[in-house]
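> Provided herewith is a single structure, encoded as structure tokens, for subsequent inquiry.
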Amino acid sequence: MAWRIHRAGLLGWVIGFALMGALLGSMVHGIQQTIESSPVIEEMMTAMGGSDVLTDAFVASMLGLLGLVAAGYGIQAIGKLRSEETRLHAEQTLATGVSRWSWAGSHLVFGLIGPVVVLAAGGVALGLTYGLAVDDVAAGLRDSAAGWLIQIPAVWVLSGFTMLLFGLAPKLLGLAWVALAMCLVCGQLGAALRLPQWALNLSPFTHLPQLPGNPMTWPPVLWLTGVAIVFTVVGLVAVRRRDLG
């Protein structure tokens, strides 16, 4: 049942992310061509560490934006649980041999794995487009893979937060979208808006290593994954215990 509910939406997201990734990949190549065509810009970038500094920063920021949008898919996928509950579809399902955990878990799978699938579509399309443009597909796919894979823990934090809200306070499920908007403002726009560091730290995406172009740091990835697990488990336990409206 969950597959029938989510499959059309998931396919649309995958196609959309693939198109976005291809567009971003062509933009990366355009930036590199602009740098190489201007001796002045190339000299400036060489002094800063080479043209890869700019292209790597652009790829990292764009993949971070894709991660944020993918988190929106996770929120709406888990939000289907609330729709099923308010429309009394959940009551009919649970009247059969389906347990609450099976019912909630079937939608949770799409809330956790779905964002990974759409991120992969966007990341592979970006790496493939850029790799074809520079005649090095393997390098393009490798660099983009590092960038989109690192987004997953932060995406899962928002999916887990959505599950937590559904379990403990389903009427406040809209706060998950508020949290997503906060991540956009604090994480993606915070530096431009000159927000204080504590405000930037509110977004889980702020704590991720900015790959490619920077070394990998594991502690923030691990503790973000741990937070996501705690949110998800507590939410599932709460769903099992509370009354369904």
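Residues are referred to by chain and number: the chain letter is A, B, ... according to the order shown in the structure tokens, the number counts from 1 in that chain, and ligands are numbered separately from 1 in the order shown.
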Within 12 Å of A:Leu23, counting only C-alpha atoms, which residues qualify if same-chain residues fewer than 3 places away don't, as a ChimeraX atom specification?
/A:16-20,26-30,59,62,122-130
> With all heavy atoms retained, write the just-selected residues as a compact mmCIF listing (two decimals), in the first residue's frame.

# COMPACT_ATOMS: atom_id res chain seq x y z
N GLY A 16 13.08 14.98 -11.50
CA GLY A 16 13.38 16.38 -11.22
C GLY A 16 14.81 16.58 -10.74
O GLY A 16 15.50 17.52 -11.17
N PHE A 17 15.27 15.72 -9.84
CA PHE A 17 16.63 15.84 -9.32
C PHE A 17 17.66 15.54 -10.40
O PHE A 17 18.73 16.17 -10.44
CB PHE A 17 16.82 14.90 -8.12
CG PHE A 17 16.64 15.57 -6.79
CD1 PHE A 17 15.41 16.07 -6.41
CD2 PHE A 17 17.70 15.72 -5.92
CE1 PHE A 17 15.22 16.69 -5.20
CE2 PHE A 17 17.54 16.35 -4.71
CZ PHE A 17 16.30 16.84 -4.34
N ALA A 18 17.37 14.57 -11.26
CA ALA A 18 18.30 14.27 -12.35
C ALA A 18 18.46 15.48 -13.27
O ALA A 18 19.57 15.82 -13.69
CB ALA A 18 17.82 13.06 -13.14
N LEU A 19 17.37 16.15 -13.56
CA LEU A 19 17.43 17.34 -14.42
C LEU A 19 18.18 18.47 -13.72
O LEU A 19 19.00 19.17 -14.34
CB LEU A 19 16.02 17.79 -14.79
CG LEU A 19 15.22 16.84 -15.69
CD1 LEU A 19 13.79 17.35 -15.88
CD2 LEU A 19 15.92 16.69 -17.04
N MET A 20 17.93 18.66 -12.42
CA MET A 20 18.65 19.70 -11.68
C MET A 20 20.14 19.40 -11.63
O MET A 20 20.98 20.29 -11.79
CB MET A 20 18.09 19.82 -10.26
CG MET A 20 16.78 20.57 -10.17
SD MET A 20 16.35 21.00 -8.45
CE MET A 20 16.08 19.37 -7.75
N SER A 26 26.46 21.30 -15.81
CA SER A 26 26.84 22.16 -16.93
C SER A 26 27.27 23.54 -16.44
O SER A 26 28.14 24.18 -17.04
CB SER A 26 25.66 22.30 -17.91
OG SER A 26 24.55 22.93 -17.28
N MET A 27 26.69 24.01 -15.34
CA MET A 27 27.09 25.30 -14.78
C MET A 27 28.51 25.25 -14.23
O MET A 27 29.27 26.21 -14.35
CB MET A 27 26.10 25.72 -13.69
CG MET A 27 24.72 26.08 -14.20
SD MET A 27 23.53 26.38 -12.87
CE MET A 27 24.24 27.83 -12.11
N VAL A 28 28.87 24.12 -13.61
CA VAL A 28 30.23 23.98 -13.09
C VAL A 28 31.24 24.10 -14.22
O VAL A 28 32.26 24.79 -14.12
CB VAL A 28 30.41 22.63 -12.36
CG1 VAL A 28 31.86 22.43 -11.93
CG2 VAL A 28 29.50 22.55 -11.14
N HIS A 29 30.96 23.42 -15.32
CA HIS A 29 31.87 23.49 -16.47
C HIS A 29 31.92 24.91 -17.02
O HIS A 29 33.00 25.39 -17.43
CB HIS A 29 31.41 22.52 -17.55
CG HIS A 29 32.31 22.49 -18.75
ND1 HIS A 29 33.67 22.25 -18.66
CD2 HIS A 29 32.04 22.70 -20.08
CE1 HIS A 29 34.20 22.29 -19.87
NE2 HIS A 29 33.24 22.56 -20.74
N GLY A 30 30.79 25.61 -17.01
CA GLY A 30 30.78 26.98 -17.49
C GLY A 30 31.64 27.89 -16.63
O GLY A 30 32.34 28.78 -17.14
N VAL A 59 30.25 23.35 -6.29
CA VAL A 59 29.68 22.00 -6.24
C VAL A 59 29.20 21.67 -4.83
O VAL A 59 28.10 21.13 -4.64
CB VAL A 59 30.71 20.96 -6.72
CG1 VAL A 59 30.22 19.55 -6.46
CG2 VAL A 59 30.99 21.14 -8.21
N MET A 62 25.97 23.64 -4.06
CA MET A 62 24.82 23.17 -4.82
C MET A 62 24.34 21.80 -4.33
O MET A 62 23.14 21.53 -4.27
CB MET A 62 25.16 23.11 -6.31
CG MET A 62 25.33 24.47 -6.97
SD MET A 62 23.85 25.52 -6.87
CE MET A 62 24.28 26.59 -5.48
N GLY A 122 20.33 13.14 -8.49
CA GLY A 122 20.88 14.46 -8.75
C GLY A 122 22.39 14.47 -8.76
O GLY A 122 23.02 15.10 -9.62
N GLY A 123 23.01 13.75 -7.80
CA GLY A 123 24.46 13.72 -7.71
C GLY A 123 25.11 13.03 -8.89
O GLY A 123 26.12 13.50 -9.43
N VAL A 124 24.55 11.91 -9.31
CA VAL A 124 25.10 11.18 -10.46
C VAL A 124 24.95 12.00 -11.73
O VAL A 124 25.87 12.07 -12.56
CB VAL A 124 24.41 9.81 -10.60
CG1 VAL A 124 24.78 9.16 -11.93
CG2 VAL A 124 24.80 8.89 -9.45
N ALA A 125 23.79 12.64 -11.90
CA ALA A 125 23.59 13.47 -13.10
C ALA A 125 24.58 14.64 -13.11
O ALA A 125 25.14 14.98 -14.16
CB ALA A 125 22.16 13.99 -13.13
N LEU A 126 24.81 15.25 -11.95
CA LEU A 126 25.79 16.35 -11.88
C LEU A 126 27.18 15.87 -12.24
O LEU A 126 27.87 16.48 -13.06
CB LEU A 126 25.77 16.96 -10.48
CG LEU A 126 26.57 18.25 -10.25
CD1 LEU A 126 25.98 19.04 -9.09
CD2 LEU A 126 28.06 17.99 -9.97
N GLY A 127 27.59 14.77 -11.61
CA GLY A 127 28.93 14.25 -11.88
C GLY A 127 29.11 13.79 -13.31
O GLY A 127 30.16 14.00 -13.92
N LEU A 128 28.07 13.17 -13.86
CA LEU A 128 28.16 12.67 -15.23
C LEU A 128 28.24 13.83 -16.23
O LEU A 128 29.06 13.81 -17.16
CB LEU A 128 26.94 11.80 -15.54
CG LEU A 128 26.92 11.11 -16.90
CD1 LEU A 128 28.11 10.17 -17.05
CD2 LEU A 128 25.61 10.34 -17.08
N THR A 129 27.41 14.85 -16.04
CA THR A 129 27.40 15.99 -16.95
C THR A 129 28.74 16.73 -16.90
O THR A 129 29.33 17.06 -17.94
CB THR A 129 26.27 16.96 -16.58
OG1 THR A 129 25.03 16.26 -16.58
CG2 THR A 129 26.20 18.10 -17.58
N TYR A 130 29.22 16.97 -15.69
CA TYR A 130 30.49 17.67 -15.55
C TYR A 130 31.65 16.81 -16.08
O TYR A 130 32.55 17.31 -16.75
CB TYR A 130 30.73 18.04 -14.10
CG TYR A 130 32.08 18.69 -13.85
CD1 TYR A 130 32.37 19.93 -14.40
CD2 TYR A 130 33.04 18.05 -13.09
CE1 TYR A 130 33.60 20.53 -14.19
CE2 TYR A 130 34.28 18.64 -12.87
CZ TYR A 130 34.54 19.89 -13.43
OH TYR A 130 35.77 20.48 -13.22
> Quick one: contact table of stretch 108-172 of chain A to stretch 187-207 of chain A, 9 Å max, nearest atom pair and distance in Å to one decimal per residue, counting only C-alpha atoms, chain and number order, as a Markdown table?

| residue | atom | partner | partner_atom | distance |
| --- | --- | --- | --- | --- |
| A:Gln151 | CA | A:Phe205 | CA | 7.2 |
| A:Pro153 | CA | A:Pro204 | CA | 8.4 |
| A:Ala154 | CA | A:Pro204 | CA | 5.2 |
| A:Val155 | CA | A:Phe205 | CA | 8.1 |
| A:Val157 | CA | A:Pro204 | CA | 7.4 |
| A:Leu158 | CA | A:Pro204 | CA | 8.6 |
> Apply DSSP to the backbone of this structure and, from stretch 57-195 of chain A, keep only the residues in alpha helix (DSSP H); write these as a ChimeraX atom specification.
/A:57-86,89-94,100-133,137-149,152-168,175-183
> Nearest to A:Val178 among A:Ile150, A:Ala60, A:Val234, A:Gly72, with distances taken over only C-alpha atoms: which residue is it?
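That would be A:Gly72, the residue with the smallest distance to A:Val178.
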> Leaving out A:Ile15 and any residue of its chain fewer than 5 positions from it, which residues lie within 12 Å of it when counting only C-alpha atoms, given as a ChimeraX atom specification?
/A:8-10,20-22,117-122,125
> Determine, counting only C-alpha atoms, which protein, DNA and RNA residues have an atom within 10 Å of an atom of A:Leu173; residues of the same chain fewer than 2 positions away are not included. Present the result as a PDB file with all heavy atoms, in the first residue's frame.

ATOM      1  N   ILE A  75      10.261  14.718   4.493  1.00  0.00           N
ATOM      2  CA  ILE A  75       9.210  15.265   5.362  1.00  0.00           C
ATOM      3  C   ILE A  75       7.831  14.947   4.804  1.00  0.00           C
ATOM      4  O   ILE A  75       6.934  14.489   5.531  1.00  0.00           O
ATOM      5  CB  ILE A  75       9.396  16.785   5.527  1.00  0.00           C
ATOM      6  CG1 ILE A  75      10.660  17.078   6.340  1.00  0.00           C
ATOM      7  CG2 ILE A  75       8.173  17.404   6.197  1.00  0.00           C
ATOM      8  CD1 ILE A  75      11.015  18.541   6.414  1.00  0.00           C
ATOM      9  N   ILE A  78       6.940  11.070   5.122  1.00  0.00           N
ATOM     10  CA  ILE A  78       6.505  10.660   6.458  1.00  0.00           C
ATOM     11  C   ILE A  78       5.187  11.348   6.815  1.00  0.00           C
ATOM     12  O   ILE A  78       4.364  10.794   7.554  1.00  0.00           O
ATOM     13  CB  ILE A  78       7.603  10.986   7.484  1.00  0.00           C
ATOM     14  CG1 ILE A  78       8.858  10.168   7.167  1.00  0.00           C
ATOM     15  CG2 ILE A  78       7.131  10.686   8.915  1.00  0.00           C
ATOM     16  CD1 ILE A  78      10.052  10.482   8.034  1.00  0.00           C
ATOM     17  N   GLY A  79       4.965  12.544   6.268  1.00  0.00           N
ATOM     18  CA  GLY A  79       3.702  13.234   6.507  1.00  0.00           C
ATOM     19  C   GLY A  79       2.501  12.485   5.967  1.00  0.00           C
ATOM     20  O   GLY A  79       1.364  12.754   6.386  1.00  0.00           O
ATOM     21  N   ARG A  82       0.234  11.042   8.631  1.00  0.00           N
ATOM     22  CA  ARG A  82      -0.805  11.902   9.206  1.00  0.00           C
ATOM     23  C   ARG A  82      -2.030  11.940   8.306  1.00  0.00           C
ATOM     24  O   ARG A  82      -3.175  11.915   8.792  1.00  0.00           O
ATOM     25  CB  ARG A  82      -0.243  13.307   9.419  1.00  0.00           C
ATOM     26  CG  ARG A  82      -1.233  14.285  10.067  1.00  0.00           C
ATOM     27  CD  ARG A  82      -1.689  13.811  11.414  1.00  0.00           C
ATOM     28  NE  ARG A  82      -2.577  14.794  12.044  1.00  0.00           N
ATOM     29  CZ  ARG A  82      -3.336  14.557  13.094  1.00  0.00           C
ATOM     30  NH1 ARG A  82      -3.336  13.337  13.652  1.00  0.00           N
ATOM     31  NH2 ARG A  82      -4.086  15.498  13.615  1.00  0.00           N
ATOM     32  N   PHE A 161      13.102  13.933  12.800  1.00  0.00           N
ATOM     33  CA  PHE A 161      12.340  14.950  13.532  1.00  0.00           C
ATOM     34  C   PHE A 161      10.863  14.897  13.144  1.00  0.00           C
ATOM     35  O   PHE A 161       9.982  15.066  13.988  1.00  0.00           O
ATOM     36  CB  PHE A 161      12.926  16.327  13.258  1.00  0.00           C
ATOM     37  CG  PHE A 161      12.230  17.453  13.962  1.00  0.00           C
ATOM     38  CD1 PHE A 161      12.218  17.514  15.343  1.00  0.00           C
ATOM     39  CD2 PHE A 161      11.586  18.450  13.242  1.00  0.00           C
ATOM     40  CE1 PHE A 161      11.563  18.566  15.998  1.00  0.00           C
ATOM     41  CE2 PHE A 161      10.936  19.494  13.882  1.00  0.00           C
ATOM     42  CZ  PHE A 161      10.926  19.550  15.269  1.00  0.00           C
ATOM     43  N   THR A 162      10.599  14.667  11.858  1.00  0.00           N
ATOM     44  CA  THR A 162       9.213  14.538  11.400  1.00  0.00           C
ATOM     45  C   THR A 162       8.540  13.326  12.045  1.00  0.00           C
ATOM     46  O   THR A 162       7.376  13.396  12.477  1.00  0.00           O
ATOM     47  CB  THR A 162       9.172  14.407   9.868  1.00  0.00           C
ATOM     48  OG1 THR A 162       9.900  15.475   9.279  1.00  0.00           O
ATOM     49  CG2 THR A 162       7.739  14.445   9.364  1.00  0.00           C
ATOM     50  N   MET A 163       9.262  12.216  12.110  1.00  0.00           N
ATOM     51  CA  MET A 163       8.717  11.020  12.763  1.00  0.00           C
ATOM     52  C   MET A 163       8.474  11.266  14.244  1.00  0.00           C
ATOM     53  O   MET A 163       7.479  10.810  14.816  1.00  0.00           O
ATOM     54  CB  MET A 163       9.707   9.863  12.576  1.00  0.00           C
ATOM     55  CG  MET A 163       9.152   8.493  12.955  1.00  0.00           C
ATOM     56  SD  MET A 163       7.906   7.927  11.775  1.00  0.00           S
ATOM     57  CE  MET A 163       6.624   7.394  12.901  1.00  0.00           C
ATOM     58  N   LEU A 164       9.372  12.010  14.874  1.00  0.00           N
ATOM     59  CA  LEU A 164       9.216  12.346  16.289  1.00  0.00           C
ATOM     60  C   LEU A 164       7.954  13.169  16.512  1.00  0.00           C
ATOM     61  O   LEU A 164       7.180  12.908  17.454  1.00  0.00           O
ATOM     62  CB  LEU A 164      10.447  13.120  16.768  1.00  0.00           C
ATOM     63  CG  LEU A 164      10.485  13.526  18.242  1.00  0.00           C
ATOM     64  CD1 LEU A 164      10.680  12.295  19.122  1.00  0.00           C
ATOM     65  CD2 LEU A 164      11.611  14.530  18.489  1.00  0.00           C
ATOM     66  N   LEU A 165       7.729  14.159  15.658  1.00  0.00           N
ATOM     67  CA  LEU A 165       6.529  14.976  15.789  1.00  0.00           C
ATOM     68  C   LEU A 165       5.269  14.150  15.569  1.00  0.00           C
ATOM     69  O   LEU A 165       4.278  14.311  16.294  1.00  0.00           O
ATOM     70  CB  LEU A 165       6.577  16.124  14.774  1.00  0.00           C
ATOM     71  CG  LEU A 165       7.555  17.261  15.056  1.00  0.00           C
ATOM     72  CD1 LEU A 165       7.591  18.227  13.867  1.00  0.00           C
ATOM     73  CD2 LEU A 165       7.171  18.009  16.316  1.00  0.00           C
ATOM     74  N   PHE A 166       5.293  13.261  14.582  1.00  0.00           N
ATOM     75  CA  PHE A 166       4.106  12.448  14.324  1.00  0.00           C
ATOM     76  C   PHE A 166       3.789  11.545  15.511  1.00  0.00           C
ATOM     77  O   PHE A 166       2.624  11.309  15.818  1.00  0.00           O
ATOM     78  CB  PHE A 166       4.312  11.593  13.071  1.00  0.00           C
ATOM     79  CG  PHE A 166       3.148  10.690  12.785  1.00  0.00           C
ATOM     80  CD1 PHE A 166       1.946  11.206  12.339  1.00  0.00           C
ATOM     81  CD2 PHE A 166       3.246   9.312  12.981  1.00  0.00           C
ATOM     82  CE1 PHE A 166       0.854  10.370  12.102  1.00  0.00           C
ATOM     83  CE2 PHE A 166       2.164   8.482  12.743  1.00  0.00           C
ATOM     84  CZ  PHE A 166       0.966   9.012  12.298  1.00  0.00           C
ATOM     85  N   GLY A 167       4.840  11.054  16.168  1.00  0.00           N
ATOM     86  CA  GLY A 167       4.599  10.176  17.311  1.00  0.00           C
ATOM     87  C   GLY A 167       4.158  10.908  18.556  1.00  0.00           C
ATOM     88  O   GLY A 167       3.268  10.445  19.280  1.00  0.00           O
ATOM     89  N   LEU A 168       4.745  12.061  18.829  1.00  0.00           N
ATOM     90  CA  LEU A 168       4.484  12.768  20.080  1.00  0.00           C
ATOM     91  C   LEU A 168       3.430  13.863  19.950  1.00  0.00           C
ATOM     92  O   LEU A 168       2.642  14.082  20.880  1.00  0.00           O
ATOM     93  CB  LEU A 168       5.785  13.385  20.618  1.00  0.00           C
ATOM     94  CG  LEU A 168       6.893  12.406  20.996  1.00  0.00           C
ATOM     95  CD1 LEU A 168       8.133  13.166  21.446  1.00  0.00           C
ATOM     96  CD2 LEU A 168       6.426  11.452  22.100  1.00  0.00           C
ATOM     97  N   ALA A 169       3.420  14.580  18.856  1.00  0.00           N
ATOM     98  CA  ALA A 169       2.502  15.718  18.694  1.00  0.00           C
ATOM     99  C   ALA A 169       2.092  15.837  17.235  1.00  0.00           C
ATOM    100  O   ALA A 169       2.546  16.736  16.522  1.00  0.00           O
ATOM    101  CB  ALA A 169       3.163  17.006  19.174  1.00  0.00           C
ATOM    102  N   PRO A 170       1.246  14.934  16.744  1.00  0.00           N
ATOM    103  CA  PRO A 170       0.905  14.914  15.319  1.00  0.00           C
ATOM    104  C   PRO A 170       0.270  16.209  14.811  1.00  0.00           C
ATOM    105  O   PRO A 170       0.416  16.544  13.640  1.00  0.00           O
ATOM    106  CB  PRO A 170      -0.053  13.728  15.201  1.00  0.00           C
ATOM    107  CG  PRO A 170      -0.567  13.495  16.588  1.00  0.00           C
ATOM    108  CD  PRO A 170       0.549  13.874  17.499  1.00  0.00           C
ATOM    109  N   LYS A 171      -0.427  16.942  15.687  1.00  0.00           N
ATOM    110  CA  LYS A 171      -1.045  18.194  15.261  1.00  0.00           C
ATOM    111  C   LYS A 171      -0.005  19.272  14.968  1.00  0.00           C
ATOM    112  O   LYS A 171      -0.319  20.279  14.335  1.00  0.00           O
ATOM    113  CB  LYS A 171      -2.026  18.678  16.321  1.00  0.00           C
ATOM    114  CG  LYS A 171      -3.254  17.781  16.472  1.00  0.00           C
ATOM    115  CD  LYS A 171      -4.221  18.342  17.485  1.00  0.00           C
ATOM    116  CE  LYS A 171      -5.463  17.446  17.617  1.00  0.00           C
ATOM    117  NZ  LYS A 171      -6.430  17.978  18.612  1.00  0.00           N
ATOM    118  N   LEU A 175       5.573  21.775  12.049  1.00  0.00           N
ATOM    119  CA  LEU A 175       6.852  22.299  12.531  1.00  0.00           C
ATOM    120  C   LEU A 175       8.030  21.693  11.767  1.00  0.00           C
ATOM    121  O   LEU A 175       9.117  22.275  11.746  1.00  0.00           O
ATOM    122  CB  LEU A 175       7.005  22.016  14.032  1.00  0.00           C
ATOM    123  CG  LEU A 175       6.105  22.827  14.972  1.00  0.00           C
ATOM    124  CD1 LEU A 175       6.336  22.411  16.410  1.00  0.00           C
ATOM    125  CD2 LEU A 175       6.358  24.320  14.798  1.00  0.00           C
ATOM    126  N   ALA A 176       7.824  20.529  11.159  1.00  0.00           N
ATOM    127  CA  ALA A 176       8.896  19.936  10.356  1.00  0.00           C
ATOM    128  C   ALA A 176       9.239  20.840   9.182  1.00  0.00           C
ATOM    129  O   ALA A 176      10.412  20.996   8.823  1.00  0.00           O
ATOM    130  CB  ALA A 176       8.484  18.553   9.866  1.00  0.00           C
ATOM    131  N   TRP A 177       8.233  21.455   8.569  1.00  0.00           N
ATOM    132  CA  TRP A 177       8.482  22.383   7.459  1.00  0.00           C
ATOM    133  C   TRP A 177       9.111  23.671   7.968  1.00  0.00           C
ATOM    134  O   TRP A 177       9.925  24.287   7.265  1.00  0.00           O
ATOM    135  CB  TRP A 177       7.181  22.667   6.715  1.00  0.00           C
ATOM    136  CG  TRP A 177       6.640  21.473   5.992  1.00  0.00           C
ATOM    137  CD1 TRP A 177       5.563  20.713   6.356  1.00  0.00           C
ATOM    138  CD2 TRP A 177       7.171  20.881   4.810  1.00  0.00           C
ATOM    139  NE1 TRP A 177       5.380  19.689   5.464  1.00  0.00           N
ATOM    140  CE2 TRP A 177       6.349  19.766   4.500  1.00  0.00           C
ATOM    141  CE3 TRP A 177       8.239  21.179   3.981  1.00  0.00           C
ATOM    142  CZ2 TRP A 177       6.584  18.956   3.397  1.00  0.00           C
ATOM    143  CZ3 TRP A 177       8.485  20.371   2.872  1.00  0.00           C
ATOM    144  CH2 TRP A 177       7.649  19.286   2.589  1.00  0.00           C
ATOM    145  N   VAL A 178       8.741  24.071   9.182  1.00  0.00           N
ATOM    146  CA  VAL A 178       9.387  25.239   9.799  1.00  0.00           C
ATOM    147  C   VAL A 178      10.875  24.957  10.005  1.00  0.00           C
ATOM    148  O   VAL A 178      11.730  25.813   9.752  1.00  0.00           O
ATOM    149  CB  VAL A 178       8.713  25.596  11.134  1.00  0.00           C
ATOM    150  CG1 VAL A 178       9.465  26.718  11.838  1.00  0.00           C
ATOM    151  CG2 VAL A 178       7.259  25.995  10.910  1.00  0.00           C
TER     152      VAL A 178
END
> Interatomic distance between atom CA of A:Met1 and atom CA of A:Phe231?
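Going from atom CA of A:Met1 over to atom CA of A:Phe231 covers 24.7 Å.
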